[in-house]
Each structure stands twice: as structure tokens, then as C-alpha cells.
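> What follows is start_30.txt, made up of compact mmCIF, C-alpha atoms:
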# COMPACT_ATOMS: atom_id res chain seq x y z
CA MET A 1 -78.41 10.45 -10.63
CA TYR A 2 -77.34 12.51 -7.62
CA ALA A 3 -74.11 13.06 -5.73
CA ALA A 4 -74.04 12.69 -1.95
CA LEU A 5 -71.26 14.47 -0.09
CA LEU A 6 -69.91 13.23 3.25
CA ALA A 7 -67.04 14.99 4.99
CA ASP A 8 -65.55 14.86 8.46
CA MET A 9 -62.67 16.35 10.41
CA LYS A 10 -59.47 14.35 10.28
CA ASN A 11 -57.97 13.41 13.66
CA SER A 12 -60.75 15.29 15.43
CA LYS A 13 -60.12 13.46 18.72
CA LYS A 14 -56.69 15.10 18.91
CA TYR A 15 -58.17 18.61 18.94
CA ALA A 16 -58.28 20.45 22.24
CA SER A 17 -61.91 21.01 23.27
CA ALA A 18 -61.75 24.78 22.73
CA ASN A 19 -60.24 24.39 19.25
CA ARG A 20 -62.78 21.78 18.23
CA ILE A 21 -65.70 23.92 19.42
CA ALA A 22 -64.29 26.95 17.60
CA LEU A 23 -63.85 24.99 14.37
CA GLN A 24 -67.39 23.62 14.54
CA ASN A 25 -68.71 27.16 15.05
CA TYR A 26 -66.75 28.32 12.00
CA LEU A 27 -68.05 25.30 10.10
CA ASP A 28 -71.66 26.13 10.96
CA VAL A 29 -71.29 29.67 9.57
CA ALA A 30 -69.44 28.44 6.47
CA LEU A 31 -72.12 25.84 5.65
CA SER A 32 -74.85 28.47 5.90
CA ALA A 33 -73.05 30.71 3.41
CA LEU A 34 -72.07 27.91 1.01
CA ASN A 35 -75.59 26.44 0.99
CA ARG A 36 -76.87 29.77 -0.32
CA MET A 37 -74.05 30.17 -2.82
CA PHE A 38 -74.55 26.66 -4.28
CA ARG A 39 -78.34 26.63 -4.06
CA GLY A 40 -78.71 26.03 -7.81
CA ALA A 41 -76.85 22.72 -7.52
CA ILE A 42 -78.07 21.46 -4.12
CA ALA A 43 -80.89 18.94 -3.76
CA LYS A 44 -80.62 18.81 0.05
CA GLU A 45 -78.56 21.32 2.01
CA VAL A 46 -75.28 20.34 3.62
CA GLY A 47 -75.54 20.12 7.40
CA PHE A 48 -74.28 18.21 10.42
CA SER A 49 -75.26 14.56 10.44
CA GLY A 50 -73.67 13.66 13.76
CA GLY A 51 -70.53 14.60 15.66
CA ASP A 52 -68.07 16.30 13.35
CA GLU A 53 -69.53 14.81 10.15
CA ILE A 54 -71.45 16.80 7.55
CA GLN A 55 -73.48 15.62 4.56
CA GLY A 56 -75.48 17.00 1.66
CA LEU A 57 -76.96 16.04 -1.69
CA PHE A 58 -76.06 17.63 -5.04
CA SER A 59 -77.19 17.42 -8.63
CA ASP A 60 -73.73 16.24 -9.76
CA PRO A 61 -70.35 15.26 -8.27
CA ILE A 62 -68.46 18.29 -9.62
CA SER A 63 -70.70 20.68 -7.68
CA ALA A 64 -70.26 18.52 -4.58
CA TYR A 65 -66.48 18.66 -5.03
CA GLN A 66 -66.43 22.42 -5.63
CA TYR A 67 -68.45 22.91 -2.44
CA PHE A 68 -66.01 20.78 -0.46
CA ARG A 69 -63.04 22.54 -2.04
CA LEU A 70 -64.33 26.01 -1.12
CA LEU A 71 -65.14 24.85 2.40
CA SER A 72 -61.61 23.50 2.80
CA LEU A 73 -59.93 26.56 1.29
CA THR A 74 -61.86 28.65 3.84
CA LEU A 75 -61.28 26.57 6.97
CA GLY A 76 -58.11 24.65 6.17
CA VAL A 77 -57.06 22.32 3.35
CA GLY A 78 -55.77 19.66 5.74
CA VAL A 79 -58.77 19.69 8.08
CA PHE A 80 -61.30 17.47 6.30
CA ARG A 81 -61.57 14.22 4.38
CA CYS A 82 -64.35 13.65 1.87
CA GLY A 83 -66.40 10.94 0.22
CA ILE A 84 -68.67 11.56 -2.79
CA GLY A 85 -71.16 8.93 -3.90
CA VAL A 86 -72.87 9.08 -7.30
CA GLY A 87 -76.14 7.18 -7.58
CA ARG A 88 -79.88 7.16 -6.91
CA TRP A 89 -81.74 9.13 -4.25
CA ASP A 90 -84.10 6.33 -3.20
CA VAL A 91 -85.66 7.61 0.05
CA GLN A 92 -86.92 11.14 -0.65
CA LEU A 93 -88.48 12.92 2.31
CA GLU A 94 -89.39 16.15 0.56
CA ASP A 95 -90.87 17.71 3.70
CA ARG A 96 -87.49 17.41 5.45
CA SER A 97 -84.88 19.96 4.42
CA GLU A 98 -81.89 18.26 6.02
CA SER A 99 -79.85 15.76 4.06
CA ALA A 100 -79.46 13.46 7.09
CA ALA A 101 -83.15 12.51 6.79
CA GLN A 102 -82.63 11.16 3.25
CA ASP A 103 -81.23 7.84 2.04
CA GLY A 104 -80.35 5.94 -1.07
CA GLU A 105 -77.63 4.51 -3.28
CA ALA A 106 -75.73 7.81 -3.51
CA TYR A 107 -75.50 8.01 0.30
CA HIS A 108 -74.35 4.39 0.61
CA LEU A 109 -71.64 4.94 -1.99
CA ALA A 110 -70.53 8.15 -0.27
CA ARG A 111 -70.23 6.22 3.01
CA GLU A 112 -68.05 3.65 1.26
CA ALA A 113 -66.01 6.45 -0.32
CA ILE A 114 -65.25 8.28 2.91
CA GLY A 115 -64.30 4.94 4.46
CA ASP A 116 -61.86 4.42 1.59
CA ALA A 117 -60.47 7.90 2.16
CA ALA A 118 -59.96 7.19 5.88
CA ARG A 119 -58.02 4.01 5.08
CA SER A 120 -56.05 5.38 2.12
CA ASP A 121 -52.43 6.47 2.23
CA TYR A 122 -52.95 8.45 -0.97
CA TYR A 123 -56.39 10.07 -1.05
CA ASP A 124 -58.23 12.38 1.33
CA LEU A 125 -61.03 12.59 -1.24
CA VAL A 126 -62.65 9.56 -2.88
CA CYS A 127 -65.54 9.44 -5.36
CA ARG A 128 -67.49 6.22 -5.91
CA SER A 129 -70.25 5.32 -8.34
CA ARG A 130 -71.87 2.11 -9.53
CA ARG A 131 -68.59 1.44 -11.28
CA SER A 132 -66.96 0.65 -7.97
CA SER A 133 -63.79 -0.57 -9.69
CA ASP A 134 -63.47 2.62 -11.75
CA ASP A 135 -61.57 5.30 -9.82
CA SER A 136 -61.23 7.69 -12.76
CA MET A 137 -63.32 10.39 -11.07
CA THR A 138 -61.23 10.11 -7.90
CA VAL A 139 -58.04 10.49 -9.92
CA LEU A 140 -59.33 13.51 -11.85
CA LEU A 141 -60.67 15.29 -8.76
CA ASP A 142 -57.60 14.38 -6.75
CA HIS A 143 -55.46 16.13 -9.36
CA SER A 144 -57.26 19.32 -8.37
CA TRP A 145 -57.29 18.47 -4.66
CA GLY A 146 -53.61 17.52 -4.78
CA GLN A 147 -52.76 20.99 -6.05
CA CYS A 148 -54.51 22.47 -3.00
CA LYS A 149 -52.59 20.21 -0.63
CA MET A 150 -49.22 21.06 -2.18
CA ARG A 151 -49.66 24.83 -2.26
CA THR A 152 -48.31 27.31 0.24
CA ASP A 153 -50.79 29.14 2.46
CA THR A 154 -50.50 32.29 0.34
CA GLN A 155 -51.14 30.34 -2.88
CA ASN A 156 -54.26 28.75 -1.39
CA GLU A 157 -55.33 32.19 -0.23
CA MET A 158 -55.20 33.23 -3.89
CA ALA A 159 -57.12 30.07 -4.85
CA LEU A 160 -59.89 31.10 -2.44
CA LEU A 161 -60.10 34.65 -3.82
CA THR A 162 -60.19 33.54 -7.45
CA SER A 163 -62.71 30.79 -6.69
CA LEU A 164 -65.06 33.28 -5.05
CA PHE A 165 -64.83 36.15 -7.53
CA TYR A 166 -63.91 34.25 -10.73
CA PRO A 167 -65.90 31.06 -10.07
CA LEU A 168 -65.75 28.15 -12.48
CA VAL A 169 -69.37 27.41 -13.37
CA PHE A 170 -71.31 24.81 -15.34
CA GLU A 171 -74.84 24.58 -16.68
CA ARG A 172 -76.92 23.77 -13.60
CA ALA A 173 -74.54 25.38 -11.09
CA SER A 174 -74.14 28.70 -12.87
CA THR A 175 -77.23 30.35 -11.36
CA TYR A 176 -75.74 30.71 -7.88
CA THR A 177 -73.34 33.44 -9.02
CA SER A 178 -76.24 35.61 -10.18
CA SER A 179 -77.77 35.77 -6.70
CA ASP A 180 -77.88 39.19 -5.09
CA GLU A 181 -76.66 37.52 -1.91
CA TYR A 182 -73.62 35.88 -3.53
CA GLN A 183 -71.09 38.62 -2.74
CA GLN A 184 -72.36 38.96 0.81
CA HIS A 185 -71.74 35.27 1.42
CA ALA A 186 -68.38 35.40 -0.35
CA PHE A 187 -67.28 38.08 2.11
CA ILE A 188 -68.51 35.91 5.00
CA LEU A 189 -66.13 33.17 3.82
CA LEU A 190 -63.26 35.65 3.51
CA ARG A 191 -63.83 36.86 7.07
CA LEU A 192 -63.90 33.24 8.31
CA PHE A 193 -60.65 32.58 6.47
CA GLU A 194 -59.03 35.65 7.99
CA ASP A 195 -60.25 34.77 11.48
CA ARG A 196 -58.98 31.20 11.18
CA CYS A 197 -55.58 32.44 9.98
CA TYR A 198 -55.40 34.72 13.02
CA THR A 199 -56.18 31.91 15.47
CA ARG A 200 -53.48 29.76 13.81
CA HIS A 201 -51.02 32.67 13.93
CA LYS A 202 -50.79 32.69 10.13
CA GLU A 203 -50.33 35.74 7.99
CA SER A 204 -53.17 36.49 5.58
CA SER A 205 -52.01 39.59 3.78
CA VAL A 206 -54.07 39.63 0.59
CA VAL A 207 -57.44 38.73 2.13
CA ARG A 208 -56.80 41.14 4.98
CA GLU A 209 -56.18 43.97 2.51
CA VAL A 210 -59.23 43.09 0.43
CA LEU A 211 -61.41 43.09 3.54
CA SER A 212 -60.02 46.34 4.91
CA ARG A 213 -59.86 48.41 1.72
CA SER A 214 -62.73 47.10 -0.38
CA ASN A 215 -66.47 46.59 -0.12
CA THR A 216 -69.03 44.59 -2.04
CA SER A 217 -69.87 47.50 -4.34
CA ALA A 218 -66.22 47.76 -5.46
CA ILE A 219 -65.92 44.08 -6.36
CA SER A 220 -67.66 42.32 -9.22
CA VAL A 221 -68.05 38.58 -9.80
CA ARG A 222 -66.90 37.32 -13.19
CA PRO A 223 -67.75 33.63 -13.60
CA CYS A 224 -65.87 31.50 -16.10
CA GLU A 225 -67.82 28.87 -18.06
CA GLY A 226 -66.15 25.48 -17.68
CA ARG A 227 -66.63 24.63 -21.35
CA CYS A 228 -64.22 27.45 -22.24
CA LEU A 229 -61.39 25.38 -20.75
CA LEU A 230 -62.00 22.44 -23.07
CA GLY A 231 -60.82 21.89 -26.63
CA VAL A 232 -59.08 24.56 -28.67
CA GLY A 233 -57.32 27.11 -26.49
CA GLY A 234 -57.79 25.18 -23.25
CA ALA A 235 -56.01 26.88 -20.39
CA ARG A 236 -55.26 29.91 -22.57
CA ASN A 237 -58.96 30.80 -22.33
CA ASP A 238 -58.70 31.17 -18.54
CA THR A 239 -55.33 32.68 -17.71
CA LEU A 240 -56.77 34.58 -14.72
CA VAL A 241 -54.80 37.64 -15.84
CA GLY A 242 -57.93 39.72 -15.19
CA ALA A 243 -58.22 38.21 -11.73
CA ALA A 244 -54.62 39.14 -10.89
CA ARG A 245 -55.20 42.71 -12.05
CA ASP A 246 -58.46 43.10 -10.14
CA ILE A 247 -57.27 41.51 -6.89
CA ALA A 248 -54.16 43.71 -6.98
CA LEU A 249 -56.40 46.76 -7.39
CA TRP A 250 -58.74 45.73 -4.56
CA ALA A 251 -55.85 44.97 -2.19
CA LYS A 252 -53.63 47.88 -3.29
CA MET A 253 -50.83 45.42 -4.07
CA SER A 254 -48.49 44.58 -6.95
CA HIS A 255 -50.18 43.13 -10.03
CA GLN A 256 -47.03 41.13 -10.79
CA GLY A 257 -46.93 39.69 -7.27
CA ILE A 258 -50.53 38.51 -7.43
CA GLY A 259 -49.98 37.06 -10.90
CA ARG A 260 -46.92 35.18 -9.65
CA LYS A 261 -48.92 33.58 -6.82
CA ILE A 262 -51.59 32.49 -9.34
CA SER A 263 -48.98 31.05 -11.69
CA GLN A 264 -46.91 29.29 -9.02
CA GLY A 265 -50.07 27.88 -7.43
CA ARG A 266 -51.07 26.34 -10.79
CA LEU A 267 -54.61 27.66 -10.41
CA VAL A 268 -55.32 27.60 -14.14
CA GLN A 269 -54.21 23.97 -14.48
CA GLU A 270 -56.38 23.02 -11.51
CA ARG A 271 -59.44 24.65 -13.07
CA CYS A 272 -58.80 22.75 -16.30
CA ALA A 273 -58.75 19.47 -14.35
CA ILE A 274 -62.15 20.29 -12.80
CA ALA A 275 -63.59 21.23 -16.20
CA ASN A 276 -62.37 17.99 -17.74
CA ALA A 277 -63.84 15.96 -14.87
CA HIS A 278 -67.19 17.68 -15.44
CA ALA A 279 -67.04 16.99 -19.19
CA ALA A 280 -66.24 13.32 -18.62
CA PHE A 281 -69.11 12.93 -16.13
CA SER A 282 -71.55 14.74 -18.43
CA LYS A 283 -70.72 12.31 -21.23
CA GLY A 284 -71.42 9.34 -18.98
CA ARG A 285 -67.84 8.15 -18.82
CA LEU A 286 -67.43 8.21 -15.04
CA ALA A 287 -70.73 6.99 -13.57
Before anything else, please render the file you have as C-alpha cells.


Amino acid sequence: MYAALLADMKNSKKYASANRIALQNYLDVALSALNRMFRGAIAKEVGFSGGDEIQGLFSDPISAYQYFRLLSLTLGVGVFRCGIGVGRWDVQLEDRSESAAQDGEAYHLAREAIGDAARSDYYDLVCRSRRSSDDSMTVLLDHSWGQCKMRTDTQNEMALLTSLFYPLVFERASTYTSSDEYQQHAFILLRLFEDRCYTRHKESSVVREVLSRSNTSAISVRPCEGRCLLGVGGARNDTLVGAARDIALWAKMSHQGIGRKISQGRLVQERCAIANAHAAFSKGRLA
């Protein structure tokens, strides 16, 4: 079983030409960085498949969702819609690196899913599997995605920082955080985020301070195993207190202020939702 990811820009025809070109340039750089960061979970790299649509193939739907989530936190939570299809990879052209050259059940279901998302009044992200009538995965992932959509810009800024330097990892996806290139690509995403905030005339205080006062040697990545958020202890095992303390140190800001943004943004609850979605999929309950 694989998970195909399809995403496109919402209302792209309403963008001024210059803004659309700029966003696609940002998107090209972001995809290059994310493809390296998620290489342990990617079967075929995410790339443009035509116009403003992108697609890729992953080992599981949670990795596909986490990729899409990081992309959206970097370039704008309201910019994209997403469809994830869970199924077979029937047409495997191994000599072709791009996902657009592949085909199969997972891709067909992803196409149906993004169509559902385009027509829905409720979901910008839809996940479909062979159980076409079972939208449990969509509901679980949308709980996480809904948190992103309801946050303030500064709370999503904190979500990006914690996702990059305190990533939630699972068995097959955990290797990407051990890459020597990981921090380099994380900083690429931060610079894209900061640049996008500038072009939208948005303040980006915490990321700006991290970029101006810190360097890769001063920042360490501390992944959190998703299984730690399940069962006894639950959210208490991932309070992100350490993240608040470290980010405050990197940015030369108040520890209490950073912690308040993490708490008000419900980042811990969101991570628990992702961990529970992964556990349910792993046990065969959602596909």
C-alpha cells in the first residue's frame, strides 16, 4: 500500500501574474528541500504535474500529510488544497524519478480525494482509500489541519519551528531527521517563510530572530517518537516545554512568551491527533 499526494493552489486564477510566478518559484525551492527531508518516506519525489498542481508518492498517508502540512506552514496555510489516496502503485516506472510518470490505484483515489476537497464546504484536505465510504482518516487528519487553519500567524510560525526542530517521527519516516543535510534544508524553509511573510507585509518576529541570531551549529534537532503520545501519559509525554526553552534561547526572547504561543496554538494536541491517525492506519483500521 502506498499514499499518493496531490495538491494544488486554491483560487490560483485570481492571483496576479507576478504573485503566481513568485509563489511557484517559492514552491519549487520548498519541494526540493522537503523531498530531501522526507526521503526516508518517499517512493517518488513530489514535483509539478502540470500547471499549479504537485504530486508525489509516499510509503504511508501520515508521511504524505506531514509533508503537505510543512509545505503549507512554510508557504501559507490557506494557499493549497490536498488529496491523499491510499492504495496500490500499479504502474511502476522505476527508471523515472518523477511521480507524474507513475500510475495506479493510489493516484486514482488521490484524484478523487482532491476533487472532493474542491467541492467540499468543510474540508481542504481529503484522504480516500478502498473504503471509499469511510472518512475516518479525513476526520483525524482534518483535526490537525483544522488547528492550523484556526491559528494566528504567530501560532503557526511556532508550529513551523517546532515541526522542523522537534519533528514528530514514526518508524519508516524517522531516518530523515538523521541526515546531515536536514538542518540545512530546515533553514531553507525558514528563509522561505520569512520571505513570504515580508511579501505579504506580515510580521515574522520569532523566525526572523532565529535566522539573524542563530546558525545551524547552535541548533539541534530533537525528534519525538509518535508512539510516545499514545497510551499512558499521552500528551504529557510531549509538552514541548523543551522546545519553548530552546526557541526562546535561539531567538533571545521570553521563554514564557514562546510557551504561551505553543499552548494557545494547541500544538501538543495537534501532534497527538497525528500520532493517533498513524496508529490507526498501522493497525489496518483506516485503509

> Using only C-alpha atoms for the distances, tell me which of A:Gly257, A:Gly87, A:Gly226, A:Gly76 is nearest to A:Asn156.

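Using only C-alpha atoms, the shortest distance to A:Asn156 belongs to A:Gly76.
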
> I need the residue nearest A:Leu6 from this list: A:Val139, A:Ala279, A:Ala43, A:Leu109. Use all atoms listed in the file for the distance.

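With all atoms listed in the file as the atom set, the closest residue is A:Leu109.
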
> Give me the residues within 10 Å of A:Ala277 as a PDB file with C-alpha atoms, in the coordinates of the input, counting all atoms listed in the file and dropping any in the same chain fewer than 2 places off.


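Contents of the output file out-v3.pdb:
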ATOM      1  CA  PRO A  61     -70.350  15.260  -8.270  1.00  0.00           C
ATOM      2  CA  ILE A  62     -68.460  18.290  -9.620  1.00  0.00           C
ATOM      3  CA  SER A 136     -61.230   7.690 -12.760  1.00  0.00           C
ATOM      4  CA  MET A 137     -63.320  10.390 -11.070  1.00  0.00           C
ATOM      5  CA  THR A 138     -61.230  10.110  -7.900  1.00  0.00           C
ATOM      6  CA  VAL A 139     -58.040  10.490  -9.920  1.00  0.00           C
ATOM      7  CA  LEU A 140     -59.330  13.510 -11.850  1.00  0.00           C
ATOM      8  CA  LEU A 141     -60.670  15.290  -8.760  1.00  0.00           C
ATOM      9  CA  SER A 144     -57.260  19.320  -8.370  1.00  0.00           C
ATOM     10  CA  ARG A 271     -59.440  24.650 -13.070  1.00  0.00           C
ATOM     11  CA  CYS A 272     -58.800  22.750 -16.300  1.00  0.00           C
ATOM     12  CA  ALA A 273     -58.750  19.470 -14.350  1.00  0.00           C
ATOM     13  CA  ILE A 274     -62.150  20.290 -12.800  1.00  0.00           C
ATOM     14  CA  ALA A 275     -63.590  21.230 -16.200  1.00  0.00           C
ATOM     15  CA  ALA A 279     -67.040  16.990 -19.190  1.00  0.00           C
ATOM     16  CA  ALA A 280     -66.240  13.320 -18.620  1.00  0.00           C
ATOM     17  CA  PHE A 281     -69.110  12.930 -16.130  1.00  0.00           C
ATOM     18  CA  SER A 282     -71.550  14.740 -18.430  1.00  0.00           C
ATOM     19  CA  ARG A 285     -67.840   8.150 -18.820  1.00  0.00           C
ATOM     20  CA  LEU A 286     -67.430   8.210 -15.040  1.00  0.00           C
TER      21      LEU A 286
END

> If you measure from atom CA of A:Met1 to atom CA of A:Val86, what distance in Å do you get, rounded to one decimal?

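Straight-line distance from atom CA of A:Met1 to atom CA of A:Val86 works out to 6.6 Å.
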
> Taking only C-alpha atoms into account, which of A:Arg266, A:Arg151, A:His278, A:His255 comes nearest A:Leu73?

A:Arg151

> So that I can check the surroundings of A:Leu249, please list as a VMD selection string every protein, DNA and RNA residue that reaches within 12 Å of it, counting all atoms listed in the file and ignoring chain neighbours fewer than 2 positions away.

chain A and resid 206 209 to 210 213 to 214 218 to 219 242 to 247 251 to 258

> Residues as selected, C-alpha atoms, written as a PDB file, keeping the file's coordinate frame, can you do that?


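part.pdb, freshly written:
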ATOM      1  CA  VAL A 206     -54.070  39.630   0.590  1.00  0.00           C
ATOM      2  CA  GLU A 209     -56.180  43.970   2.510  1.00  0.00           C
ATOM      3  CA  VAL A 210     -59.230  43.090   0.430  1.00  0.00           C
ATOM      4  CA  ARG A 213     -59.860  48.410   1.720  1.00  0.00           C
ATOM      5  CA  SER A 214     -62.730  47.100  -0.380  1.00  0.00           C
ATOM      6  CA  ALA A 218     -66.220  47.760  -5.460  1.00  0.00           C
ATOM      7  CA  ILE A 219     -65.920  44.080  -6.360  1.00  0.00           C
ATOM      8  CA  GLY A 242     -57.930  39.720 -15.190  1.00  0.00           C
ATOM      9  CA  ALA A 243     -58.220  38.210 -11.730  1.00  0.00           C
ATOM     10  CA  ALA A 244     -54.620  39.140 -10.890  1.00  0.00           C
ATOM     11  CA  ARG A 245     -55.200  42.710 -12.050  1.00  0.00           C
ATOM     12  CA  ASP A 246     -58.460  43.100 -10.140  1.00  0.00           C
ATOM     13  CA  ILE A 247     -57.270  41.510  -6.890  1.00  0.00           C
ATOM     14  CA  ALA A 251     -55.850  44.970  -2.190  1.00  0.00           C
ATOM     15  CA  LYS A 252     -53.630  47.880  -3.290  1.00  0.00           C
ATOM     16  CA  MET A 253     -50.830  45.420  -4.070  1.00  0.00           C
ATOM     17  CA  SER A 254     -48.490  44.580  -6.950  1.00  0.00           C
ATOM     18  CA  HIS A 255     -50.180  43.130 -10.030  1.00  0.00           C
ATOM     19  CA  GLN A 256     -47.030  41.130 -10.790  1.00  0.00           C
ATOM     20  CA  GLY A 257     -46.930  39.690  -7.270  1.00  0.00           C
ATOM     21  CA  ILE A 258     -50.530  38.510  -7.430  1.00  0.00           C
TER      22      ILE A 258
END

> When distances are computed from all atoms listed in the file, which of A:Glu181, A:Asp28, A:Glu53, A:Glu45 shows the smallest separation from A:Cys82?

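Answer, going by the shortest atom-to-atom distance: A:Glu53.
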
> What lies within 9 Å of A:Val221 using all atoms listed in the file, ignoring chain neighbours under 6 positions off, as a VMD selection string?

chain A and resid 164 to 167 177 to 178 182 to 183

> Emit the selected residues as an mmCIF file, in the coordinates of the input, including C-alpha atoms.


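Saved file selection-v4.cif follows:
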data_model
loop_
_atom_site.group_PDB
_atom_site.id
_atom_site.type_symbol
_atom_site.label_atom_id
_atom_site.label_comp_id
_atom_site.auth_asym_id
_atom_site.auth_seq_id
_atom_site.Cartn_x
_atom_site.Cartn_y
_atom_site.Cartn_z
ATOM 1 C CA LEU A 164 -65.060 33.280 -5.050
ATOM 2 C CA PHE A 165 -64.830 36.150 -7.530
ATOM 3 C CA TYR A 166 -63.910 34.250 -10.730
ATOM 4 C CA PRO A 167 -65.900 31.060 -10.070
ATOM 5 C CA THR A 177 -73.340 33.440 -9.020
ATOM 6 C CA SER A 178 -76.240 35.610 -10.180
ATOM 7 C CA TYR A 182 -73.620 35.880 -3.530
ATOM 8 C CA GLN A 183 -71.090 38.620 -2.740
#

> Find the residue from A:Ile84, A:Asn25, A:Phe193, A:Trp145 that sits nearest to A:Asp116; use only C-alpha atoms when measuring.

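When distances to A:Asp116 are compared using only C-alpha atoms, the smallest one comes from A:Ile84.
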
> For A:Met37, which of A:Glu270, A:Ser220, A:Val169, A:Lys283 is the closest residue, counting all atoms listed in the file?

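Looking only at the distances to A:Met37, the closest residue turns out to be A:Val169.
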
> Would you mind reading off the distance between atom CA of A:Met9 and atom CA of A:Phe80, one decimal, in Å?

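Going from atom CA of A:Met9 over to atom CA of A:Phe80 covers 4.5 Å.
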
> One decimal, in Å: what's the spacing between atom CA of A:Ala248 and atom CA of A:Gly78?

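Taking atom CA of A:Ala248 and atom CA of A:Gly78, their separation equals 27.3 Å.
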
> Using all atoms listed in the file, determine which residues lie at most 12 Å from A:Ala4, disregarding the query and same-chain residues fewer than 3 positions distant; provide the list as a ChimeraX atom specification.

/A:1,7,41-46,54-65,67-68,82-90,99-100,102-114,126-129
